[in-house]
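Asks: Below you'll find start.tsv; it's TSV, C-alpha atoms.
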```
chain	number	residue	atom	x	y	z
I	194	MET	CA	12.80	40.83	52.18
I	195	ILE	CA	14.71	43.66	53.87
I	196	VAL	CA	14.37	47.17	52.40
I	197	ILE	CA	17.04	49.76	53.15
I	198	THR	CA	16.55	53.48	52.59
I	199	ALA	CA	19.39	56.01	52.13
I	200	PRO	CA	21.79	53.20	51.11
I	201	ALA	CA	24.52	55.57	49.91
I	202	GLY	CA	24.46	57.77	53.02
I	203	GLN	CA	26.82	57.72	55.98
I	204	ILE	CA	24.71	55.35	58.10
I	205	GLY	CA	22.64	53.59	55.44
I	206	ARG	CA	25.74	52.49	53.53
I	207	GLN	CA	27.13	50.80	56.63
I	208	VAL	CA	23.76	49.22	57.48
I	209	LEU	CA	23.61	47.80	53.97
I	210	ASP	CA	27.14	46.39	54.19
I	211	ASN	CA	26.32	44.75	57.53
I	212	VAL	CA	23.11	43.25	56.21
I	213	LEU	CA	24.73	41.95	53.03
I	214	ASP	CA	27.52	40.35	55.05
I	215	ASN	CA	24.91	38.33	56.96
I	216	ALA	CA	21.69	38.23	54.93
I	217	LEU	CA	22.49	35.30	52.67
I	218	ASP	CA	23.05	33.01	55.65
I	219	GLY	CA	19.45	33.57	56.71
I	220	GLY	CA	17.97	33.45	53.24
I	221	GLU	CA	16.96	37.11	53.19
I	222	SER	CA	16.81	39.15	50.01
I	223	VAL	CA	17.68	42.84	50.06
I	224	ARG	CA	16.11	45.77	48.23
I	225	VAL	CA	17.25	49.39	48.39
I	226	ILE	CA	15.66	52.72	47.48
I	227	ALA	CA	18.18	55.00	45.80
I	228	ARG	CA	17.84	58.31	43.97
I	229	ASP	CA	21.11	57.69	42.15
I	230	PRO	CA	22.02	53.99	41.81
I	231	SER	CA	25.43	54.94	40.41
I	232	ARG	CA	26.44	55.90	43.96
I	233	LEU	CA	26.13	52.25	44.97
I	234	SER	CA	29.24	50.10	44.64
I	235	PRO	CA	29.33	47.39	41.97
I	236	ARG	CA	29.34	44.79	44.77
I	237	VAL	CA	26.09	46.19	46.11
I	238	ARG	CA	24.39	46.53	42.72
I	239	GLU	CA	25.14	42.88	41.98
I	240	ARG	CA	23.49	41.68	45.18
I	241	VAL	CA	20.43	43.87	45.73
I	242	GLU	CA	17.28	44.90	43.94
I	243	VAL	CA	17.20	48.67	43.37
I	244	VAL	CA	14.05	50.80	43.34
I	245	VAL	CA	15.00	54.16	41.85
I	246	GLY	CA	13.63	57.33	43.39
I	247	SER	CA	13.02	59.12	46.68
I	248	HIS	CA	11.66	57.26	49.69
I	249	GLY	CA	9.46	60.29	50.26
I	250	ASP	CA	7.57	59.48	47.03
I	251	PRO	CA	4.31	57.52	47.55
I	252	ASP	CA	4.71	55.48	44.35
I	253	VAL	CA	8.32	54.62	45.13
I	254	VAL	CA	7.69	53.36	48.67
I	255	ASP	CA	4.56	51.51	47.57
I	256	ALA	CA	6.64	49.55	45.07
I	257	ALA	CA	9.63	49.12	47.37
I	258	PHE	CA	7.63	47.82	50.33
I	259	THR	CA	5.73	45.21	48.31
I	260	GLY	CA	6.60	41.86	49.88
I	261	ALA	CA	8.86	43.51	52.48
I	262	ASP	CA	9.19	42.09	55.98
I	263	SER	CA	11.57	44.69	57.47
I	264	VAL	CA	12.54	48.27	56.58
I	265	PHE	CA	15.45	50.45	57.63
I	266	TRP	CA	14.11	54.01	57.78
I	267	LEU	CA	16.20	57.17	57.72
I	268	ALA	CA	14.73	60.58	56.88
I	269	PRO	CA	17.43	62.28	54.76
I	270	PRO	CA	18.71	65.78	55.55
I	271	ASN	CA	17.13	68.69	53.73
I	272	PRO	CA	18.97	71.88	54.74
I	273	ARG	CA	16.69	74.11	52.66
I	274	ALA	CA	13.35	72.81	53.96
I	275	GLU	CA	10.78	75.46	54.83
I	276	ARG	CA	9.79	73.66	58.04
I	277	VAL	CA	11.62	71.23	60.30
I	278	GLU	CA	8.52	69.02	60.39
I	279	ASP	CA	8.69	68.61	56.60
I	280	VAL	CA	12.03	66.80	56.90
I	281	TYR	CA	10.80	64.19	59.35
I	282	VAL	CA	7.03	63.92	59.76
I	283	GLU	CA	5.74	64.97	56.35
I	284	PHE	CA	8.51	63.15	54.49
I	285	SER	CA	7.60	59.95	56.36
I	286	ARG	CA	3.81	60.05	55.75
I	287	PRO	CA	3.84	58.21	52.40
I	288	ALA	CA	6.01	55.46	53.90
I	289	CYS	CA	3.68	55.09	56.88
I	290	GLU	CA	0.74	54.57	54.55
I	291	ALA	CA	2.78	52.02	52.60
I	292	PHE	CA	3.81	50.18	55.79
I	293	LYS	CA	0.12	49.54	56.48
I	294	ARG	CA	-0.93	48.87	52.90
I	295	ARG	CA	1.91	46.46	52.15
I	296	GLY	CA	1.90	44.65	55.49
I	297	VAL	CA	5.45	45.53	56.58
I	298	ARG	CA	6.07	43.83	59.92
I	299	ARG	CA	9.12	45.63	61.34
I	300	VAL	CA	10.76	49.04	60.91
I	301	VAL	CA	14.10	50.17	62.36
I	302	GLY	CA	14.47	53.95	62.36
I	303	ILE	CA	17.18	56.51	63.04
I	304	SER	CA	16.04	58.96	65.72
I	305	ALA	CA	17.37	60.92	68.69
I	306	LEU	CA	17.53	61.00	72.45
I	307	GLY	CA	15.15	63.33	74.25
I	308	ARG	CA	11.86	61.53	74.83
I	309	GLY	CA	10.17	63.11	77.85
I	310	VAL	CA	12.51	66.11	78.03
I	311	PRO	CA	10.39	69.29	78.12
I	312	GLY	CA	10.78	72.16	75.68
I	313	ASN	CA	11.47	72.57	71.99
I	314	ALA	CA	14.60	70.74	70.83
I	315	GLY	CA	14.33	71.59	67.14
I	316	LEU	CA	15.38	68.67	64.94
I	317	VAL	CA	15.14	66.30	67.90
I	318	SER	CA	11.52	67.22	68.59
I	319	ALA	CA	10.63	66.68	64.94
I	320	SER	CA	12.44	63.33	64.91
I	321	LEU	CA	10.48	62.15	67.95
I	322	ALA	CA	7.25	63.23	66.27
I	323	MET	CA	8.27	61.06	63.30
I	324	ASP	CA	8.71	58.12	65.68
I	325	ASP	CA	5.19	58.65	66.97
I	326	LEU	CA	3.81	58.73	63.44
I	327	ILE	CA	5.54	55.46	62.51
I	328	ALA	CA	4.56	53.71	65.74
I	329	GLY	CA	0.97	54.86	65.20
I	330	THR	CA	0.72	52.67	62.10
I	331	GLY	CA	0.87	49.58	64.31
I	332	VAL	CA	4.04	48.28	62.67
I	333	GLY	CA	6.71	46.79	64.90
I	334	TYR	CA	9.10	49.70	65.44
I	335	ARG	CA	12.49	50.18	67.04
I	336	ALA	CA	13.68	53.78	67.12
I	337	LEU	CA	17.44	53.99	67.54
I	338	THR	CA	17.72	56.96	69.89
I	339	LEU	CA	21.10	58.56	69.41
I	340	PRO	CA	23.34	61.30	70.82
I	341	SER	CA	25.66	63.31	68.60
I	342	PHE	CA	27.85	61.25	66.27
I	343	MET	CA	31.62	61.06	66.53
I	344	ASP	CA	31.62	61.14	62.73
I	345	ASN	CA	30.20	64.68	62.77
I	346	MET	CA	33.72	65.80	63.66
I	347	LEU	CA	34.70	65.03	60.05
I	348	ARG	CA	32.83	68.19	59.04
I	349	GLN	CA	35.59	70.15	60.78
I	350	VAL	CA	38.59	68.30	59.39
I	351	GLU	CA	39.88	71.40	57.59
I	352	ALA	CA	39.82	73.53	60.75
I	353	ILE	CA	41.43	70.74	62.76
I	354	ARG	CA	44.14	70.24	60.12
I	355	ASN	CA	44.93	73.88	59.41
I	356	GLN	CA	44.08	75.69	62.65
I	357	GLY	CA	44.16	72.98	65.33
I	358	VAL	CA	40.68	73.92	66.49
I	359	PHE	CA	37.07	72.73	66.32
I	360	PHE	CA	33.90	74.64	67.19
I	361	GLN	CA	30.62	73.77	68.90
I	362	PRO	CA	27.77	75.78	70.51
I	363	VAL	CA	27.93	73.58	73.62
I	364	SER	CA	29.83	74.14	76.87
I	365	GLY	CA	33.29	72.64	76.71
I	366	ASP	CA	33.09	70.95	80.12
I	367	LEU	CA	29.70	69.24	79.64
I	368	LYS	CA	30.21	65.47	79.60
I	369	ALA	CA	27.74	63.65	77.34
I	370	PRO	CA	27.48	60.43	75.33
I	371	THR	CA	28.63	60.22	71.74
I	372	CYS	CA	28.57	57.28	69.36
I	373	ALA	CA	30.21	56.07	66.15
I	374	THR	CA	28.02	55.59	63.08
I	375	ARG	CA	29.50	52.13	62.52
I	376	ASP	CA	28.08	51.04	65.89
I	377	ILE	CA	24.69	52.49	64.97
I	378	ALA	CA	24.78	50.53	61.73
I	379	ALA	CA	25.67	47.31	63.51
I	380	VAL	CA	22.72	47.66	65.90
I	381	ALA	CA	20.34	48.50	63.04
I	382	ALA	CA	21.48	45.53	60.96
I	383	GLY	CA	21.11	43.19	63.91
I	384	LEU	CA	17.50	44.26	64.37
I	385	LEU	CA	16.74	43.97	60.66
I	386	LEU	CA	18.06	40.41	60.61
I	387	ASP	CA	16.22	39.42	63.81
I	388	HIS	CA	12.71	38.17	63.02
I	389	SER	CA	11.66	37.59	66.63
I	390	TRP	CA	10.72	41.04	67.89
I	391	SER	CA	7.47	42.97	67.70
I	392	GLY	CA	5.78	46.00	69.28
I	393	GLN	CA	7.25	49.48	69.64
I	394	GLY	CA	10.27	50.59	71.61
I	395	GLU	CA	13.43	52.67	71.74
I	396	VAL	CA	17.00	51.38	71.52
I	397	PRO	CA	19.57	53.91	72.77
I	398	VAL	CA	23.11	53.70	71.37
I	399	LEU	CA	25.31	55.74	73.70
I	400	GLY	CA	28.89	54.74	72.98
I	401	PRO	CA	31.09	53.45	75.82
I	402	GLU	CA	31.73	56.70	77.72
I	403	ASP	CA	30.62	60.27	78.40
I	404	LEU	CA	33.08	62.90	77.21
I	405	SER	CA	33.20	66.68	77.12
I	406	PHE	CA	34.50	68.62	74.13
I	407	GLU	CA	37.54	69.51	76.24
I	408	ASP	CA	38.11	65.76	76.72
I	409	MET	CA	37.78	65.26	72.96
I	410	ALA	CA	40.30	68.03	72.25
I	411	ARG	CA	42.81	66.34	74.57
I	412	ILE	CA	42.29	62.93	72.93
I	413	MET	CA	42.58	64.40	69.43
I	414	SER	CA	45.79	66.18	70.40
I	415	GLU	CA	47.27	62.91	71.66
I	416	VAL	CA	46.19	60.88	68.63
I	417	LEU	CA	47.17	63.48	66.02
I	418	GLY	CA	50.42	64.44	67.73
I	419	LYS	CA	49.58	68.16	67.50
I	420	PRO	CA	47.66	70.59	69.70
I	421	VAL	CA	43.92	70.68	69.08
I	422	ARG	CA	41.67	72.95	71.10
I	423	PHE	CA	37.93	73.36	71.51
I	424	GLN	CA	36.33	76.75	70.83
I	425	TYR	CA	32.85	77.55	72.16
I	426	VAL	CA	30.57	79.36	69.70
I	427	PRO	CA	27.40	81.16	70.88
I	428	VAL	CA	24.32	79.42	69.53
I	429	GLU	CA	23.19	82.59	67.74
I	430	SER	CA	26.48	82.76	65.85
I	431	PHE	CA	26.17	79.06	65.04
I	432	ARG	CA	22.71	79.67	63.58
I	433	ASP	CA	23.84	82.68	61.56
I	434	THR	CA	26.77	80.72	60.12
I	435	LEU	CA	24.39	78.01	58.92
I	436	THR	CA	22.16	80.52	57.11
I	437	ARG	CA	25.17	82.18	55.48
I	438	ARG	CA	26.13	78.76	54.13
I	439	GLY	CA	22.73	78.35	52.50
I	440	MET	CA	20.60	76.63	55.12
I	441	SER	CA	17.00	77.84	55.38
I	442	GLU	CA	16.02	79.99	58.35
I	443	ALA	CA	13.76	77.23	59.68
I	444	MET	CA	16.40	74.51	59.49
I	445	ALA	CA	19.12	76.73	60.95
I	446	GLN	CA	16.81	77.56	63.86
I	447	GLY	CA	15.99	73.87	64.26
I	448	MET	CA	19.69	73.05	64.47
I	449	ALA	CA	20.25	75.88	66.94
I	450	ASP	CA	17.34	74.75	69.12
I	451	MET	CA	18.70	71.19	69.11
I	452	MET	CA	22.20	72.28	70.14
I	453	ALA	CA	20.82	74.57	72.85
I	454	ALA	CA	18.86	71.63	74.25
I	455	LYS	CA	21.98	69.46	74.17
I	456	ASP	CA	23.85	72.23	76.03
I	457	HIS	CA	21.15	71.95	78.72
I	458	GLY	CA	21.66	68.21	79.10
I	459	LEU	CA	19.26	66.69	76.57
I	460	ASP	CA	21.57	63.76	75.77
I	461	ASN	CA	22.23	63.08	79.45
I	462	ALA	CA	18.59	62.28	80.25
I	463	GLU	CA	18.91	58.66	79.08
I	464	PRO	CA	20.31	56.36	81.80
I	465	ARG	CA	23.56	54.71	80.82
I	466	THR	CA	23.12	50.93	80.99
I	467	PRO	CA	25.28	48.05	79.69
I	468	GLN	CA	22.65	47.39	77.02
I	469	ALA	CA	22.80	51.01	75.78
I	470	GLY	CA	26.58	51.05	75.42
I	471	SER	CA	28.34	50.54	72.09
I	472	PRO	CA	31.97	49.48	71.65
I	473	THR	CA	33.84	52.17	69.70
I	474	THR	CA	35.67	54.63	71.96
I	475	PHE	CA	36.36	58.17	70.79
I	476	ARG	CA	40.10	57.45	70.92
I	477	GLN	CA	39.67	54.39	68.69
I	478	TRP	CA	37.50	56.40	66.29
I	479	CYS	CA	40.15	59.14	66.15
I	480	GLU	CA	42.88	56.59	65.42
I	481	GLU	CA	40.96	54.78	62.71
I	482	ILE	CA	38.79	57.49	61.10
I	483	LEU	CA	39.79	61.04	62.06
I	484	LYS	CA	43.59	60.68	61.90
I	485	PRO	CA	43.66	59.39	58.30
I	486	ALA	CA	41.22	62.14	57.27
I	487	VAL	CA	43.30	64.90	58.89
I	488	LEU	CA	46.62	63.57	57.58
I	489	THR	CA	45.42	63.04	54.00
I	490	PRO	CA	47.23	65.59	51.80
I	491	VAL	CA	44.99	68.27	50.32
I	492	LEU	CA	45.42	68.40	46.54
I	493	ASP	CA	45.04	71.74	44.74
```
Transcribe the structure of this file into structure tokens.
Replies:
Amino acid sequence: MIVITAPAGQIGRQVLDNVLDNALDGGESVRVIARDPSRLSPRVRERVEVVVGSHGDPDVVDAAFTGADSVFWLAPPNPRAERVEDVYVEFSRPACEAFKRRGVRRVVGISALGRGVPGNAGLVSASLAMDDLIAGTGVGYRALTLPSFMDNMLRQVEAIRNQGVFFQPVSGDLKAPTCATRDIAAVAAGLLLDHSWSGQGEVPVLGPEDLSFEDMARIMSEVLGKPVRFQYVPVESFRDTLTRRGMSEAMAQGMADMMAAKDHGLDNAEPRTPQAGSPTTFRQWCEEILKPAVLTPVLD
């Protein structure tokens, strides 16, 4: 039995698709935890067992993890949380109790790069504390430690389409890894379907290359056939924009602290090895994901 959390989200949906494409060959059954099952496709609802509710709810995870061998764990975003720790550590406590109580053997979690890097990195620091909490249960755990996602650029599609610009509070010439969520999902699904591993460890997914935002602007310009430029935004302005859009002060500060840490090389601390690489290049991602999104007509 494989249990998948956040099955309608950006990463969880792709993990679920990968698992379903391969699970029946190995005899696995699949269960998901979903607040709103209507967000699942008919194909998915026909093939999985659904436990309705939040995976932060003790009763929900207790039921969902009954008979489970492996769990995909993703703490969902909560932009209005009063504390960053509430989103990661406190949200995960009921699940950690259920891992132990229900005898779950393996957990694959979504986390971040930054282990061993000094200082406060906001959301990253809280995510690493979540990893420690999960590993402390004794369950076999693989934390997928990730840089920024290529797919985050989709949040700026309107600015790219209408103004030919995207914004980040990170130096434009800093080269760093970036990865596609589809590659993250493929790694996660592979671990969920592999019954041979145990113990705790980290699995970095770094994409195939290090790029700066200036590099990304050049690639986007070439793929889209129009000029796209990068615009640096001071981290304080970035934080203030988030609060104006409704994010809590604590979460906006956590985001700002994370981006400041990235600007100081947080994502570059992990050595790039062949094992840590993932296949999707930024150019390929732009061709297959960003370009259709930018070129899709906007309907009034």
Asks: Can you measure atom CA of Leu306 of chain I to atom CA of Met409 of chain I for me? One decimal in Å is fine.
Replies: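 Here the two named atoms are 20.7 Å from each other.
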Asks: Just the residues within 8 Å of segment 477-482 of chain I, please, counting all atoms listed in the file, with nothing from its chain fewer than 4 positions along; format it as a list in words.
Replies: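 Within the cut-off, the hits are Met343, Ala373, Met413, Val416, Thr473 and Ala486 of chain I.
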Asks: Write out the residues from the selection above, keeping C-alpha atoms, as an mmCIF file, in the frame of the given file.
Replies:
```
data_model
loop_
_atom_site.group_PDB
_atom_site.id
_atom_site.type_symbol
_atom_site.label_atom_id
_atom_site.label_comp_id
_atom_site.auth_asym_id
_atom_site.auth_seq_id
_atom_site.Cartn_x
_atom_site.Cartn_y
_atom_site.Cartn_z
ATOM 1 C CA MET I 343 31.620 61.060 66.530
ATOM 2 C CA ALA I 373 30.210 56.070 66.150
ATOM 3 C CA MET I 413 42.580 64.400 69.430
ATOM 4 C CA VAL I 416 46.190 60.880 68.630
ATOM 5 C CA THR I 473 33.840 52.170 69.700
ATOM 6 C CA ALA I 486 41.220 62.140 57.270
#
```
Asks: Would you pick out the contacts of Ala322 of chain I at 8 Å or less, using all atoms listed in the file, so that residues sharing its chain but fewer than 4 positions from it are not included, and give the list as JSON, numbers by chain?
Replies: {"I": [281, 282, 318, 326]}
Asks: Restricting the calculation to all atoms listed in the file: of I:Val254, I:Ala469, I:Ala268, I:Val380, which residue gets closest to Gly202 of chain I?
Replies: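 Of I:Val254, I:Ala469, I:Ala268, I:Val380, the one nearest Gly202 of chain I, counting all atoms listed in the file, is I:Ala268.
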Asks: Anything within 10 Å of (30.0, 72.1, 79.3): list those residues as an mmCIF file with C-alpha atoms, in the frame of the given file, counting all atoms listed in the file and sticking to the file's coordinates.
Replies:
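What landed in selection_29.cif:
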```
data_model
loop_
_atom_site.group_PDB
_atom_site.id
_atom_site.type_symbol
_atom_site.label_atom_id
_atom_site.label_comp_id
_atom_site.auth_asym_id
_atom_site.auth_seq_id
_atom_site.Cartn_x
_atom_site.Cartn_y
_atom_site.Cartn_z
ATOM 1 C CA PRO I 362 27.770 75.780 70.510
ATOM 2 C CA VAL I 363 27.930 73.580 73.620
ATOM 3 C CA SER I 364 29.830 74.140 76.870
ATOM 4 C CA GLY I 365 33.290 72.640 76.710
ATOM 5 C CA ASP I 366 33.090 70.950 80.120
ATOM 6 C CA LEU I 367 29.700 69.240 79.640
ATOM 7 C CA LYS I 368 30.210 65.470 79.600
ATOM 8 C CA ALA I 369 27.740 63.650 77.340
ATOM 9 C CA LEU I 404 33.080 62.900 77.210
ATOM 10 C CA SER I 405 33.200 66.680 77.120
ATOM 11 C CA PHE I 406 34.500 68.620 74.130
ATOM 12 C CA GLU I 407 37.540 69.510 76.240
ATOM 13 C CA TYR I 425 32.850 77.550 72.160
ATOM 14 C CA LYS I 455 21.980 69.460 74.170
ATOM 15 C CA ASP I 456 23.850 72.230 76.030
ATOM 16 C CA HIS I 457 21.150 71.950 78.720
ATOM 17 C CA GLY I 458 21.660 68.210 79.100
#
```
Asks: Using only C-alpha atoms, I'd like a table of the residues in segment 293-328 of chain I that come within 8 Å of segment 427-449 of chain I; for each, show the closest atom pair and its distance in Å rounded to one decimal, ordered by chain and ascending number, as a tab-separated table.
Replies:
```
residue	atom	partner	partner_atom	distance
I:Ala314	CA	I:Gly447	CA	7.4
I:Gly315	CA	I:Gly447	CA	4.0
I:Leu316	CA	I:Gly447	CA	5.3
```
